$ cat upload_9.cif   # mmCIF, C-alpha atoms and all ligand atoms
data_run
loop_
_atom_site.label_atom_id
_atom_site.label_comp_id
_atom_site.auth_asym_id
_atom_site.auth_seq_id
_atom_site.Cartn_x
_atom_site.Cartn_y
_atom_site.Cartn_z
CA MET A 1 75.42 56.93 -59.02
CA ALA A 2 78.50 58.95 -57.98
CA PRO A 3 78.24 59.97 -54.32
CA ALA A 4 77.96 63.52 -53.00
CA PRO A 5 81.36 64.86 -51.85
CA ALA A 6 82.32 65.06 -48.20
CA VAL A 7 81.88 68.48 -46.65
CA GLU A 8 85.67 68.87 -46.31
CA ARG A 9 85.92 68.93 -50.10
CA LEU A 10 83.68 71.99 -50.46
CA PRO A 11 85.48 75.34 -50.70
CA VAL A 12 84.84 77.61 -47.70
CA PHE A 13 85.26 80.75 -49.82
CA PRO A 14 85.31 79.87 -53.54
CA ALA A 15 87.53 81.96 -55.80
CA SER A 16 84.82 84.05 -57.43
CA TRP A 17 83.18 87.47 -57.63
CA TYR A 18 81.51 88.99 -54.58
CA LEU A 19 79.56 92.15 -53.84
CA PHE A 20 81.37 94.65 -51.60
CA GLY A 21 78.67 97.34 -51.42
CA ALA A 22 77.22 100.46 -52.99
CA THR A 23 79.63 102.79 -54.77
CA ARG A 24 77.97 105.81 -53.17
CA SER A 25 78.91 104.48 -49.72
CA LEU A 26 82.53 105.18 -50.75
CA SER A 27 81.90 108.79 -51.73
CA HIS A 28 83.25 110.16 -48.43
CA GLY A 29 86.37 108.00 -48.29
CA PRO A 30 87.46 104.40 -47.83
CA VAL A 31 85.20 101.85 -46.15
CA SER A 32 86.35 98.59 -44.58
CA ARG A 33 84.25 95.48 -43.99
CA ASP A 34 84.69 91.96 -42.66
CA LEU A 35 84.14 89.74 -45.69
CA LEU A 36 85.13 86.16 -46.54
CA GLY A 37 87.01 85.73 -43.28
CA LYS A 38 89.19 88.80 -43.66
CA ARG A 39 89.12 92.57 -43.32
CA LEU A 40 88.87 94.34 -46.69
CA VAL A 41 88.87 98.01 -47.61
CA ALA A 42 87.34 99.62 -50.71
CA TYR A 43 87.74 103.10 -52.09
CA VAL A 44 87.25 105.01 -55.32
CA THR A 45 90.29 106.74 -56.83
CA ALA A 46 90.29 110.37 -57.95
CA SER A 47 89.95 109.04 -61.50
CA GLY A 48 86.82 107.06 -60.51
CA LYS A 49 88.24 103.54 -60.37
CA PRO A 50 87.02 101.17 -57.61
CA VAL A 51 89.77 99.53 -55.56
CA VAL A 52 89.61 96.67 -53.04
CA LEU A 53 92.62 95.84 -50.84
CA ASP A 54 93.35 93.96 -47.66
CA ALA A 55 92.43 96.46 -44.97
CA ARG A 56 95.17 95.70 -42.44
CA CYS A 57 98.11 97.99 -43.23
CA ALA A 58 101.32 96.13 -44.02
CA HIS A 59 103.15 98.29 -41.46
CA LEU A 60 101.47 97.74 -38.08
CA GLY A 61 98.05 96.54 -39.16
CA ALA A 62 95.99 99.71 -38.79
CA ASP A 63 92.64 99.57 -40.58
CA LEU A 64 93.01 101.44 -43.88
CA GLY A 65 89.28 102.18 -43.70
CA GLU A 66 90.25 104.81 -41.10
CA GLY A 67 92.56 106.48 -43.63
CA CYS A 68 91.81 108.69 -46.58
CA VAL A 69 92.03 108.79 -50.36
CA VAL A 70 94.83 110.92 -51.82
CA GLY A 71 94.55 111.04 -55.61
CA ASP A 72 94.60 107.42 -56.72
CA ASP A 73 96.18 106.20 -53.48
CA ILE A 74 94.90 105.32 -50.04
CA GLN A 75 96.77 106.75 -47.07
CA CYS A 76 96.95 104.96 -43.73
CA ALA A 77 95.84 107.13 -40.82
CA PHE A 78 98.54 105.86 -38.46
CA HIS A 79 101.90 106.74 -40.09
CA HIS A 80 100.71 107.96 -43.51
CA TRP A 81 102.05 105.10 -45.61
CA LYS A 82 100.35 105.20 -48.99
CA TYR A 83 99.23 102.39 -51.32
CA GLY A 84 98.22 102.53 -54.97
CA PRO A 85 95.27 100.72 -56.61
CA ASP A 86 97.47 97.69 -57.33
CA GLY A 87 98.47 97.47 -53.65
CA ARG A 88 102.03 98.69 -54.18
CA CYS A 89 103.28 100.98 -51.43
CA THR A 90 103.96 104.40 -52.94
CA LEU A 91 105.24 106.21 -49.86
CA VAL A 92 106.83 105.40 -46.51
CA PRO A 93 107.34 108.92 -45.13
CA ALA A 94 109.97 107.94 -42.56
CA LYS A 95 111.98 105.81 -45.03
CA PRO A 96 111.05 106.46 -48.69
CA GLN A 97 113.46 103.86 -50.06
CA ALA A 98 111.47 101.10 -48.27
CA ALA A 99 108.26 101.67 -50.24
CA PRO A 100 109.05 99.53 -53.34
CA SER A 101 109.40 96.39 -51.23
CA VAL A 102 106.06 96.82 -49.44
CA ARG A 103 102.83 95.51 -50.86
CA GLN A 104 99.22 95.25 -49.78
CA ARG A 105 97.11 92.43 -51.29
CA ALA A 106 94.85 93.85 -54.03
CA TYR A 107 91.71 92.27 -55.48
CA PRO A 108 90.36 92.82 -59.02
CA ALA A 109 87.40 95.23 -58.66
CA VAL A 110 84.61 96.35 -60.99
CA GLU A 111 81.90 98.97 -60.59
CA ARG A 112 78.57 98.16 -62.21
CA HIS A 113 75.02 99.38 -61.60
CA GLY A 114 76.13 101.46 -58.63
CA GLN A 115 77.78 98.53 -56.83
CA VAL A 116 81.40 97.52 -56.31
CA PHE A 117 82.25 93.87 -57.00
CA PHE A 118 85.59 92.19 -56.38
CA PHE A 119 87.19 88.89 -57.26
CA ASN A 120 88.45 86.89 -54.31
CA GLY A 121 91.83 86.04 -55.86
CA ALA A 122 94.82 87.63 -57.55
CA GLN A 123 93.36 87.39 -61.09
CA PRO A 124 89.73 86.89 -62.18
CA LEU A 125 89.09 83.36 -63.43
CA PHE A 126 86.13 84.71 -65.44
CA PRO A 127 84.60 88.15 -66.07
CA LEU A 128 81.88 89.45 -63.78
CA PRO A 129 78.87 87.67 -65.35
CA PHE A 130 75.65 89.16 -66.66
CA PHE A 131 72.63 87.88 -68.56
CA ALA A 132 73.57 86.04 -71.74
CA ASP A 133 73.33 88.20 -74.88
CA ALA A 134 72.54 91.31 -72.82
CA GLU A 135 74.48 94.51 -72.20
CA PRO A 136 74.69 95.82 -68.62
CA ALA A 137 74.17 99.37 -69.92
CA ASP A 138 70.71 98.39 -71.21
CA TYR A 139 69.54 97.51 -67.70
CA VAL A 140 68.95 99.26 -64.39
CA ALA A 141 69.34 97.48 -61.04
CA SER A 142 67.55 97.72 -57.72
CA LYS A 143 69.31 98.18 -54.42
CA PRO A 144 70.15 94.73 -53.05
CA LEU A 145 67.74 92.60 -51.11
CA HIS A 146 69.82 91.43 -48.19
CA LEU A 147 68.78 87.97 -46.97
CA VAL A 148 70.58 86.35 -44.05
CA ALA A 149 70.67 82.55 -43.88
CA ASP A 150 71.60 80.46 -40.86
CA CYS A 151 73.12 77.76 -43.08
CA PRO A 152 76.24 77.18 -45.21
CA TRP A 153 76.45 79.26 -48.40
CA HIS A 154 76.38 76.23 -50.72
CA LEU A 155 72.99 75.06 -49.42
CA VAL A 156 71.48 78.35 -50.59
CA ASN A 157 73.00 78.02 -54.06
CA ALA A 158 72.19 74.31 -54.32
CA ASN A 159 68.52 75.33 -54.29
CA SER A 160 68.68 76.04 -58.02
CA PHE A 161 69.30 72.33 -58.57
CA ASP A 162 66.81 71.12 -55.94
CA ALA A 163 63.80 70.28 -58.10
CA GLN A 164 61.67 69.13 -55.15
CA HIS A 165 61.87 72.39 -53.24
CA PHE A 166 60.35 74.47 -56.05
CA GLN A 167 57.01 72.72 -55.61
CA ALA A 168 57.16 72.48 -51.82
CA GLY A 169 58.60 75.91 -51.09
CA HIS A 170 57.70 78.14 -54.03
CA ASP A 171 54.49 76.69 -55.54
CA ARG A 172 56.24 76.13 -58.85
CA ARG A 173 55.40 72.77 -60.47
CA PRO A 174 58.15 71.58 -62.82
CA VAL A 175 56.93 70.74 -66.33
CA GLY A 176 59.12 68.22 -68.13
CA GLU A 177 62.71 67.35 -67.31
CA PRO A 178 65.26 70.03 -66.33
CA VAL A 179 68.23 70.47 -68.67
CA VAL A 180 71.65 70.93 -67.04
CA ASP A 181 74.86 71.94 -68.79
CA CYS A 182 78.07 73.89 -68.26
CA PRO A 183 78.31 76.78 -70.77
CA HIS A 184 81.70 77.81 -69.30
CA PRO A 185 84.32 76.01 -67.15
CA PHE A 186 83.17 78.11 -64.17
CA ALA A 187 79.43 78.09 -64.88
CA ARG A 188 76.75 75.45 -64.29
CA ARG A 189 73.30 76.09 -65.74
CA ILE A 190 69.87 74.55 -65.27
CA ARG A 191 66.86 75.26 -67.48
CA VAL A 192 63.40 74.22 -66.39
CA THR A 193 59.79 75.18 -67.09
CA PHE A 194 57.39 75.75 -64.19
CA GLU A 195 53.68 76.22 -63.75
CA VAL A 196 52.78 78.89 -61.21
CA THR A 197 50.45 77.02 -58.86
CA GLY A 198 50.31 79.11 -55.66
CA ASP A 199 47.36 80.95 -54.13
CA SER A 200 49.36 83.89 -52.79
CA VAL A 201 48.46 87.34 -54.00
CA PHE A 202 51.75 87.44 -55.91
CA ASP A 203 51.03 84.22 -57.80
CA ARG A 204 47.46 85.24 -58.61
CA LEU A 205 48.70 88.55 -59.99
CA LEU A 206 51.39 86.75 -62.01
CA ARG A 207 48.84 84.39 -63.60
CA ARG A 208 46.49 87.27 -64.32
CA PHE A 209 48.96 89.74 -65.83
CA VAL A 210 52.07 87.95 -67.17
CA GLY A 211 51.01 84.31 -67.47
CA GLY A 212 51.02 81.11 -65.44
CA ARG A 213 53.98 79.36 -67.02
CA VAL A 214 57.64 80.39 -66.85
CA ASP A 215 60.82 79.15 -68.54
CA VAL A 216 63.56 79.63 -65.96
CA THR A 217 67.31 79.63 -66.57
CA MET A 218 69.60 79.66 -63.52
CA THR A 219 73.35 79.84 -64.10
CA ASN A 220 75.71 79.47 -61.17
CA TRP A 221 79.06 81.21 -61.68
CA GLY A 222 82.03 80.22 -59.56
CA GLY A 223 79.82 78.95 -56.74
CA SER A 224 78.98 82.48 -55.52
CA ILE A 225 76.66 84.00 -58.17
CA VAL A 226 73.38 82.87 -59.68
CA VAL A 227 72.15 84.63 -62.82
CA VAL A 228 68.41 84.05 -63.20
CA THR A 229 66.03 84.77 -66.06
CA GLY A 230 62.36 83.86 -66.00
CA ASP A 231 60.50 84.06 -69.30
CA PHE A 232 56.76 84.43 -68.74
CA PRO A 233 54.43 84.68 -71.74
CA ARG A 234 54.22 88.48 -71.34
CA THR A 235 57.42 89.53 -69.52
CA ARG A 236 60.94 88.50 -68.61
CA SER A 237 62.19 88.67 -65.03
CA THR A 238 65.92 89.13 -64.44
CA LEU A 239 67.87 88.93 -61.22
CA MET A 240 71.31 88.03 -59.90
CA THR A 241 72.18 86.67 -56.48
CA PHE A 242 75.56 87.17 -54.82
CA ILE A 243 76.36 84.88 -51.92
CA GLU A 244 78.51 86.11 -49.08
CA PRO A 245 79.80 83.25 -46.91
CA LEU A 246 80.25 84.58 -43.38
CA ASP A 247 81.68 81.40 -41.94
CA ALA A 248 81.11 77.67 -42.35
CA GLU A 249 77.51 77.90 -41.13
CA HIS A 250 76.18 81.36 -42.00
CA CYS A 251 75.84 83.37 -45.17
CA VAL A 252 74.14 86.36 -46.70
CA GLN A 253 72.49 86.35 -50.08
CA ASN A 254 72.38 89.72 -51.82
CA VAL A 255 69.79 89.86 -54.60
CA LEU A 256 69.93 92.48 -57.36
CA VAL A 257 66.76 92.77 -59.42
CA PHE A 258 67.07 94.17 -62.95
CA ALA A 259 64.77 95.85 -65.46
CA ARG A 260 65.36 97.04 -68.98
CA ARG A 261 66.45 100.66 -68.93
CA SER A 262 63.92 103.28 -69.91
CA ARG A 263 64.75 106.90 -70.72
CA LEU A 264 62.14 107.90 -68.12
CA PRO A 265 63.53 107.67 -64.57
CA PHE A 266 60.12 107.16 -62.97
CA VAL A 267 59.51 104.17 -65.28
CA ASN A 268 62.82 102.64 -64.15
CA ALA A 269 62.01 103.28 -60.50
CA SER A 270 58.51 101.84 -60.68
CA ARG A 271 59.61 98.75 -62.65
CA LEU A 272 62.36 98.03 -60.12
CA TRP A 273 60.08 98.63 -57.14
CA LEU A 274 57.48 96.20 -58.47
CA ARG A 275 59.96 93.51 -59.49
CA ARG A 276 61.81 93.77 -56.19
CA LEU A 277 58.53 93.43 -54.30
CA PHE A 278 57.67 90.23 -56.19
CA THR A 279 61.22 88.87 -55.79
CA ARG A 280 61.11 89.49 -52.08
CA GLY A 281 57.72 87.79 -51.86
CA PHE A 282 59.14 84.81 -53.74
CA MET A 283 62.47 84.45 -51.91
CA ALA A 284 62.24 85.82 -48.37
CA PRO A 285 59.94 83.12 -46.89
CA GLU A 286 62.43 80.46 -47.98
CA PHE A 287 65.13 81.87 -45.73
CA ALA A 288 63.14 80.93 -42.64
CA THR A 289 63.08 77.30 -43.80
CA LEU A 290 66.83 77.36 -44.44
CA ALA A 291 67.61 78.21 -40.80
CA GLY A 292 69.71 75.52 -39.18
CA ILE A 293 69.94 73.14 -42.14
CA ARG A 294 73.31 71.49 -42.67
CA TYR A 295 74.94 69.67 -45.54
CA ASN A 296 74.18 65.96 -45.21
CA PRO A 297 75.64 64.08 -48.18
CA GLY A 298 74.54 60.72 -46.73
CA GLY A 299 70.90 61.85 -46.75
CA LEU A 300 70.77 62.67 -50.46
CA LEU A 301 68.77 60.19 -52.57
CA ASP A 302 68.62 59.25 -56.25
CA SER A 303 65.85 61.82 -56.55
CA ASP A 304 68.41 64.49 -55.49
CA ARG A 305 70.71 63.60 -58.39
CA LEU A 306 70.86 67.14 -59.80
CA MET A 307 71.85 68.49 -56.39
CA ILE A 308 74.50 65.79 -55.95
CA ASP A 309 75.94 66.64 -59.38
CA PHE A 310 75.95 70.32 -58.39
CA TYR A 311 77.87 69.49 -55.22
CA ARG A 312 80.39 67.46 -57.21
CA TRP A 313 80.85 70.53 -59.43
CA ILE A 314 81.24 72.84 -56.40
CA ALA A 315 83.86 70.52 -54.92
CA GLN A 316 86.17 70.98 -57.90
CA LEU A 317 86.01 74.79 -57.85
CA PRO A 318 89.21 76.54 -56.76
CA GLN A 319 89.45 77.66 -53.18
CA ALA A 320 90.52 81.24 -52.50
CA PRO A 321 93.08 81.69 -49.70
CA VAL A 322 91.31 81.30 -46.39
CA ALA A 323 92.01 83.53 -43.45
CA GLN A 324 90.70 82.79 -39.99
CA ALA A 325 86.95 82.17 -40.33
CA ARG A 326 85.04 84.40 -37.95
CA SER A 327 81.84 83.64 -36.12
CA VAL A 328 78.96 86.07 -36.43
CA GLU A 329 75.71 86.90 -34.80
CA PRO A 330 73.01 86.13 -37.39
CA ARG A 331 71.28 89.34 -38.36
CA PRO A 332 67.53 89.85 -38.83
CA LEU A 333 65.89 87.95 -41.65
CA CYS A 334 65.36 90.68 -44.20
CA GLU A 335 67.70 93.45 -43.20
CA GLU A 336 68.12 95.76 -46.19
CA THR A 337 71.05 97.85 -45.11
CA LEU A 338 73.78 96.96 -47.56
CA SER A 339 74.06 100.36 -49.11
S1 LIG B 401 100.12 101.11 -39.45
FE1 LIG B 401 99.72 101.95 -41.39
S2 LIG B 401 101.32 103.34 -41.70
FE2 LIG B 401 101.78 102.44 -39.80
FE FE B 402 64.31 78.46 -53.54
#

$ encode --input "upload_9.cif" --output "structure tokens"
Amino acid sequence: MAPAPAVERLPVFPASWYLFGATRSLSHGPVSRDLLGKRLVAYVTASGKPVVLDARCAHLGADLGEGCVVGDDIQCAFHHWKYGPDGRCTLVPAKPQAAPSVRQRAYPAVERHGQVFFFNGAQPLFPLPFFADAEPADYVASKPLHLVADCPWHLVNANSFDAQHFQAGHDRRPVGEPVVDCPHPFARRIRVTFEVTGDSVFDRLLRRFVGGRVDVTMTNWGGSIVVVTGDFPRTRSTLMTFIEPLDAEHCVQNVLVFARRSRLPFVNASRLWLRRLFTRGFMAPEFATLAGIRYNPGGLLDSDRLMIDFYRWIAQLPQAPVAQARSVEPRPLCEETLS
């Protein structure tokens, strides 16, 4: 059996899509955040387009999040240099002829379901994913569940391929053999059927109202995103997780729960509330068990073959440019403030 890769071979910040935050948080001007080892700024242009740039101004490094939006440009608060959505400098007030040679790094950005997503690289290697054969416009999304993990980002995403932990940690007994494939060069998918075996109130309600067996499909995109569908006999659950590596040993997982769009707003709201409640009940307890775990390729056994293969796949993903990794204070377990 091929061995699991050494930790040095795993990308610190894979080139992929990440969640910046809620579009409405940008309604009063640009917002900057520390993400993926660098300072980034996001804003929405006058024409409604989301933009993500490096936040440190190319002039003297002022934080563009302290500036303002002028039409489609962002203006630095310090000396009023302006940058367009593609990062090109459009104005150096004290020396206008210098502007064409100045550039701020820009990241491809997309607004969907009230959130701004960006690709951590110059060009997207794949489109922002969604559920196969589904249109984003046919779905509504919850606000993100915001789960902080005191462990490397890849250990959270490797869970999809960790067959043992579903029984031990989630009361889901696998039925039959999982099927793993790669439907796209940047996607790795696992399909598995589970029996719902737990005694929690959530599991008893699931068995009573939607059925005790679920066909689950989990597709990892680019290392950072997991698209999950769960087909119960009487409903389908849909969610996406967006990992946010903070540094080599901490990460945040943002979980968006989806429901099919109804024309009635209160139906959308109640569906999302219920599904988010069940998702939180399913996922949040796991984050306590993840605290402090570290990647240990030498400890993986034959029975961890799917996880080892996942790690071999992760190791060949492209690495986005890495800035200085920062250390962070882990935040509370279930802080839900990313909005
Ligand atoms: S630091 Fe931004 S314009 Fe001078
Ligand atoms: Fe899990």

$ closest_atom_pairs --input "upload_9.cif" --of "chain A" --to "ligand LIG 401 (chain B)" --cutoff "6 Å" --atoms "only C-alpha atoms and all ligand atoms" --output "JSON lines"
{"residue": "A:Cys57", "atom": "CA", "partner": "B:LIG401", "partner_atom": "FE1", "distance": 4.7}
{"residue": "A:His59", "atom": "CA", "partner": "B:LIG401", "partner_atom": "S1", "distance": 4.6}
{"residue": "A:Leu60", "atom": "CA", "partner": "B:LIG401", "partner_atom": "S1", "distance": 3.9}
{"residue": "A:Gly61", "atom": "CA", "partner": "B:LIG401", "partner_atom": "S1", "distance": 5.0}
{"residue": "A:Ala62", "atom": "CA", "partner": "B:LIG401", "partner_atom": "S1", "distance": 4.4}
{"residue": "A:Cys76", "atom": "CA", "partner": "B:LIG401", "partner_atom": "FE1", "distance": 4.7}
{"residue": "A:Phe78", "atom": "CA", "partner": "B:LIG401", "partner_atom": "FE2", "distance": 4.9}
{"residue": "A:His79", "atom": "CA", "partner": "B:LIG401", "partner_atom": "S2", "distance": 3.8}
{"residue": "A:His80", "atom": "CA", "partner": "B:LIG401", "partner_atom": "S2", "distance": 5.0}
{"residue": "A:Trp81", "atom": "CA", "partner": "B:LIG401", "partner_atom": "S2", "distance": 4.3}

$ residues_near_ligand --input "upload_9.cif" --ligand "ligand FE 402 (chain B)" --cutoff "12 Å" --atoms "only C-alpha atoms and all ligand atoms" --output "number ranges by chain"
A: 155-172, 218, 226, 228, 241, 253, 279-290

$ atom_distance --input "upload_9.cif" --atom1 "atom CA of A:Asp72" --atom2 "atom CA of A:Val110"
15.5 Å

$ residues_near_point --input "upload_9.cif" --point "(78.2, 57.3, -53.4)" --cutoff "12 Å" --atoms "only C-alpha atoms" --output "VMD selection string"
chain A and resid 1 to 6 297 to 302 305 308 to 309 312

$ closest_residue --input "upload_9.cif" --among "A:Pro108, A:Gly48, A:Pro245, A:Gly67" --to "A:Leu147" --atoms "only C-alpha atoms"
A:Pro245

$ atom_distance --input "upload_9.cif" --atom1 "atom CA of A:Val257" --atom2 "atom CA of A:Leu145"
8.4 Å

$ closest_residue --input "upload_9.cif" --among "A:Pro174, A:Gly87, A:Gly230, A:Pro50" --to "A:Gly21" --atoms "all atoms listed in the file"
A:Pro50

$ residues_near_point --input "upload_9.cif" --point "(67.4, 96.5, -68.1)" --cutoff "10 Å" --atoms "only C-alpha atoms" --output "ChimeraX atom specification"
/A:134-141,237-238,257-262,268,271-272

$ atom_distance --input "upload_9.cif" --atom1 "atom CA of A:Thr217" --atom2 "atom CA of A:Thr229"
5.3 Å

$ closest_residue --input "upload_9.cif" --among "A:Val44, A:Glu249, A:Cys89, A:Pro30" --to "A:Cys68" --atoms "all atoms listed in the file"
A:Pro30

$ closest_residue --input "upload_9.cif" --among "A:Val180, A:Leu91, A:Ala149, A:Ala42" --to "A:Met307" --atoms "only C-alpha atoms"
A:Val180

$ closest_residue --input "upload_9.cif" --among "A:Ala269, A:Leu40, A:Val196, A:Leu306" --to "A:Arg208" --atoms "all atoms listed in the file"
A:Val196

$ closest_residue --input "upload_9.cif" --among "A:Ala15, A:Leu246, A:Ile225, A:Val41" --to "A:Leu125" --atoms "all atoms listed in the file"
A:Ala15

$ decode --input "upload_9.cif" --residues "stretch 279-308 of chain A" --atoms "N, CA and C atoms" --output "mmCIF file, in the first residue's frame"
data_model
loop_
_atom_site.group_PDB
_atom_site.id
_atom_site.type_symbol
_atom_site.label_atom_id
_atom_site.label_comp_id
_atom_site.auth_asym_id
_atom_site.auth_seq_id
_atom_site.Cartn_x
_atom_site.Cartn_y
_atom_site.Cartn_z
ATOM 1 N N THR A 279 -27.929 20.081 11.677
ATOM 2 C CA THR A 279 -26.526 20.061 11.240
ATOM 3 C C THR A 279 -25.606 20.394 12.401
ATOM 4 N N ARG A 280 -26.008 21.383 13.172
ATOM 5 C CA ARG A 280 -25.193 21.750 14.330
ATOM 6 C C ARG A 280 -25.137 20.601 15.337
ATOM 7 N N GLY A 281 -26.271 19.956 15.550
ATOM 8 C CA GLY A 281 -26.303 18.811 16.468
ATOM 9 C C GLY A 281 -25.419 17.678 15.982
ATOM 10 N N PHE A 282 -25.317 17.540 14.659
ATOM 11 C CA PHE A 282 -24.513 16.458 14.079
ATOM 12 C C PHE A 282 -23.018 16.786 14.123
ATOM 13 N N MET A 283 -22.674 18.059 13.839
ATOM 14 C CA MET A 283 -21.259 18.388 13.625
ATOM 15 C C MET A 283 -20.549 18.982 14.837
ATOM 16 N N ALA A 284 -21.237 19.818 15.605
ATOM 17 C CA ALA A 284 -20.528 20.574 16.643
ATOM 18 C C ALA A 284 -19.821 19.684 17.664
ATOM 19 N N PRO A 285 -20.445 18.582 18.149
ATOM 20 C CA PRO A 285 -19.738 17.783 19.156
ATOM 21 C C PRO A 285 -18.400 17.245 18.655
ATOM 22 N N GLU A 286 -18.303 17.005 17.346
ATOM 23 C CA GLU A 286 -17.066 16.461 16.790
ATOM 24 C C GLU A 286 -15.887 17.407 16.984
ATOM 25 N N PHE A 287 -16.162 18.724 16.992
ATOM 26 C CA PHE A 287 -15.055 19.667 17.059
ATOM 27 C C PHE A 287 -14.352 19.651 18.405
ATOM 28 N N ALA A 288 -15.031 19.162 19.440
ATOM 29 C CA ALA A 288 -14.332 18.983 20.722
ATOM 30 C C ALA A 288 -13.334 17.837 20.614
ATOM 31 N N THR A 289 -13.698 16.775 19.889
ATOM 32 C CA THR A 289 -12.785 15.629 19.776
ATOM 33 C C THR A 289 -11.613 15.927 18.839
ATOM 34 N N LEU A 290 -11.773 16.933 17.982
ATOM 35 C CA LEU A 290 -10.677 17.275 17.068
ATOM 36 C C LEU A 290 -9.582 18.077 17.755
ATOM 37 N N ALA A 291 -9.884 18.648 18.924
ATOM 38 C CA ALA A 291 -8.935 19.551 19.581
ATOM 39 C C ALA A 291 -7.615 18.843 19.851
ATOM 40 N N GLY A 292 -6.548 19.424 19.341
ATOM 41 C CA GLY A 292 -5.213 18.941 19.647
ATOM 42 C C GLY A 292 -4.730 17.791 18.785
ATOM 43 N N ILE A 293 -5.572 17.246 17.891
ATOM 44 C CA ILE A 293 -5.067 16.133 17.080
ATOM 45 C C ILE A 293 -4.105 16.670 16.017
ATOM 46 N N ARG A 294 -3.173 15.857 15.629
ATOM 47 C CA ARG A 294 -2.147 16.247 14.666
ATOM 48 C C ARG A 294 -2.015 15.162 13.615
ATOM 49 N N TYR A 295 -1.576 15.558 12.457
ATOM 50 C CA TYR A 295 -1.382 14.600 11.368
ATOM 51 C C TYR A 295 -0.244 13.646 11.725
ATOM 52 N N ASN A 296 -0.523 12.363 11.639
ATOM 53 C CA ASN A 296 0.464 11.347 12.036
ATOM 54 C C ASN A 296 0.485 10.252 10.979
ATOM 55 N N PRO A 297 1.178 10.502 9.840
ATOM 56 C CA PRO A 297 1.109 9.531 8.753
ATOM 57 C C PRO A 297 1.577 8.139 9.162
ATOM 58 N N GLY A 298 2.539 8.075 10.110
ATOM 59 C CA GLY A 298 3.050 6.767 10.535
ATOM 60 C C GLY A 298 2.029 5.963 11.323
ATOM 61 N N GLY A 299 1.004 6.623 11.852
ATOM 62 C CA GLY A 299 -0.001 5.922 12.649
ATOM 63 C C GLY A 299 -1.159 5.376 11.837
ATOM 64 N N LEU A 300 -1.210 5.720 10.551
ATOM 65 C CA LEU A 300 -2.336 5.269 9.722
ATOM 66 C C LEU A 300 -2.146 3.799 9.331
ATOM 67 N N LEU A 301 -3.219 3.035 9.405
ATOM 68 C CA LEU A 301 -3.183 1.592 9.150
ATOM 69 C C LEU A 301 -3.849 1.258 7.820
ATOM 70 N N ASP A 302 -3.777 -0.018 7.441
ATOM 71 C CA ASP A 302 -4.490 -0.481 6.238
ATOM 72 C C ASP A 302 -5.961 -0.085 6.281
ATOM 73 N N SER A 303 -6.527 -0.144 7.489
ATOM 74 C CA SER A 303 -7.952 0.164 7.633
ATOM 75 C C SER A 303 -8.239 1.652 7.399
ATOM 76 N N ASP A 304 -7.196 2.478 7.333
ATOM 77 C CA ASP A 304 -7.342 3.911 7.033
ATOM 78 C C ASP A 304 -7.034 4.202 5.562
ATOM 79 N N ARG A 305 -7.146 3.184 4.722
ATOM 80 C CA ARG A 305 -6.703 3.329 3.326
ATOM 81 C C ARG A 305 -7.377 4.494 2.615
ATOM 82 N N LEU A 306 -8.671 4.704 2.837
ATOM 83 C CA LEU A 306 -9.361 5.794 2.136
ATOM 84 C C LEU A 306 -8.808 7.153 2.562
ATOM 85 N N MET A 307 -8.453 7.248 3.847
ATOM 86 C CA MET A 307 -7.877 8.502 4.336
ATOM 87 C C MET A 307 -6.476 8.714 3.753
ATOM 88 N N ILE A 308 -5.693 7.643 3.695
ATOM 89 C CA ILE A 308 -4.345 7.752 3.122
ATOM 90 C C ILE A 308 -4.438 8.196 1.663
#
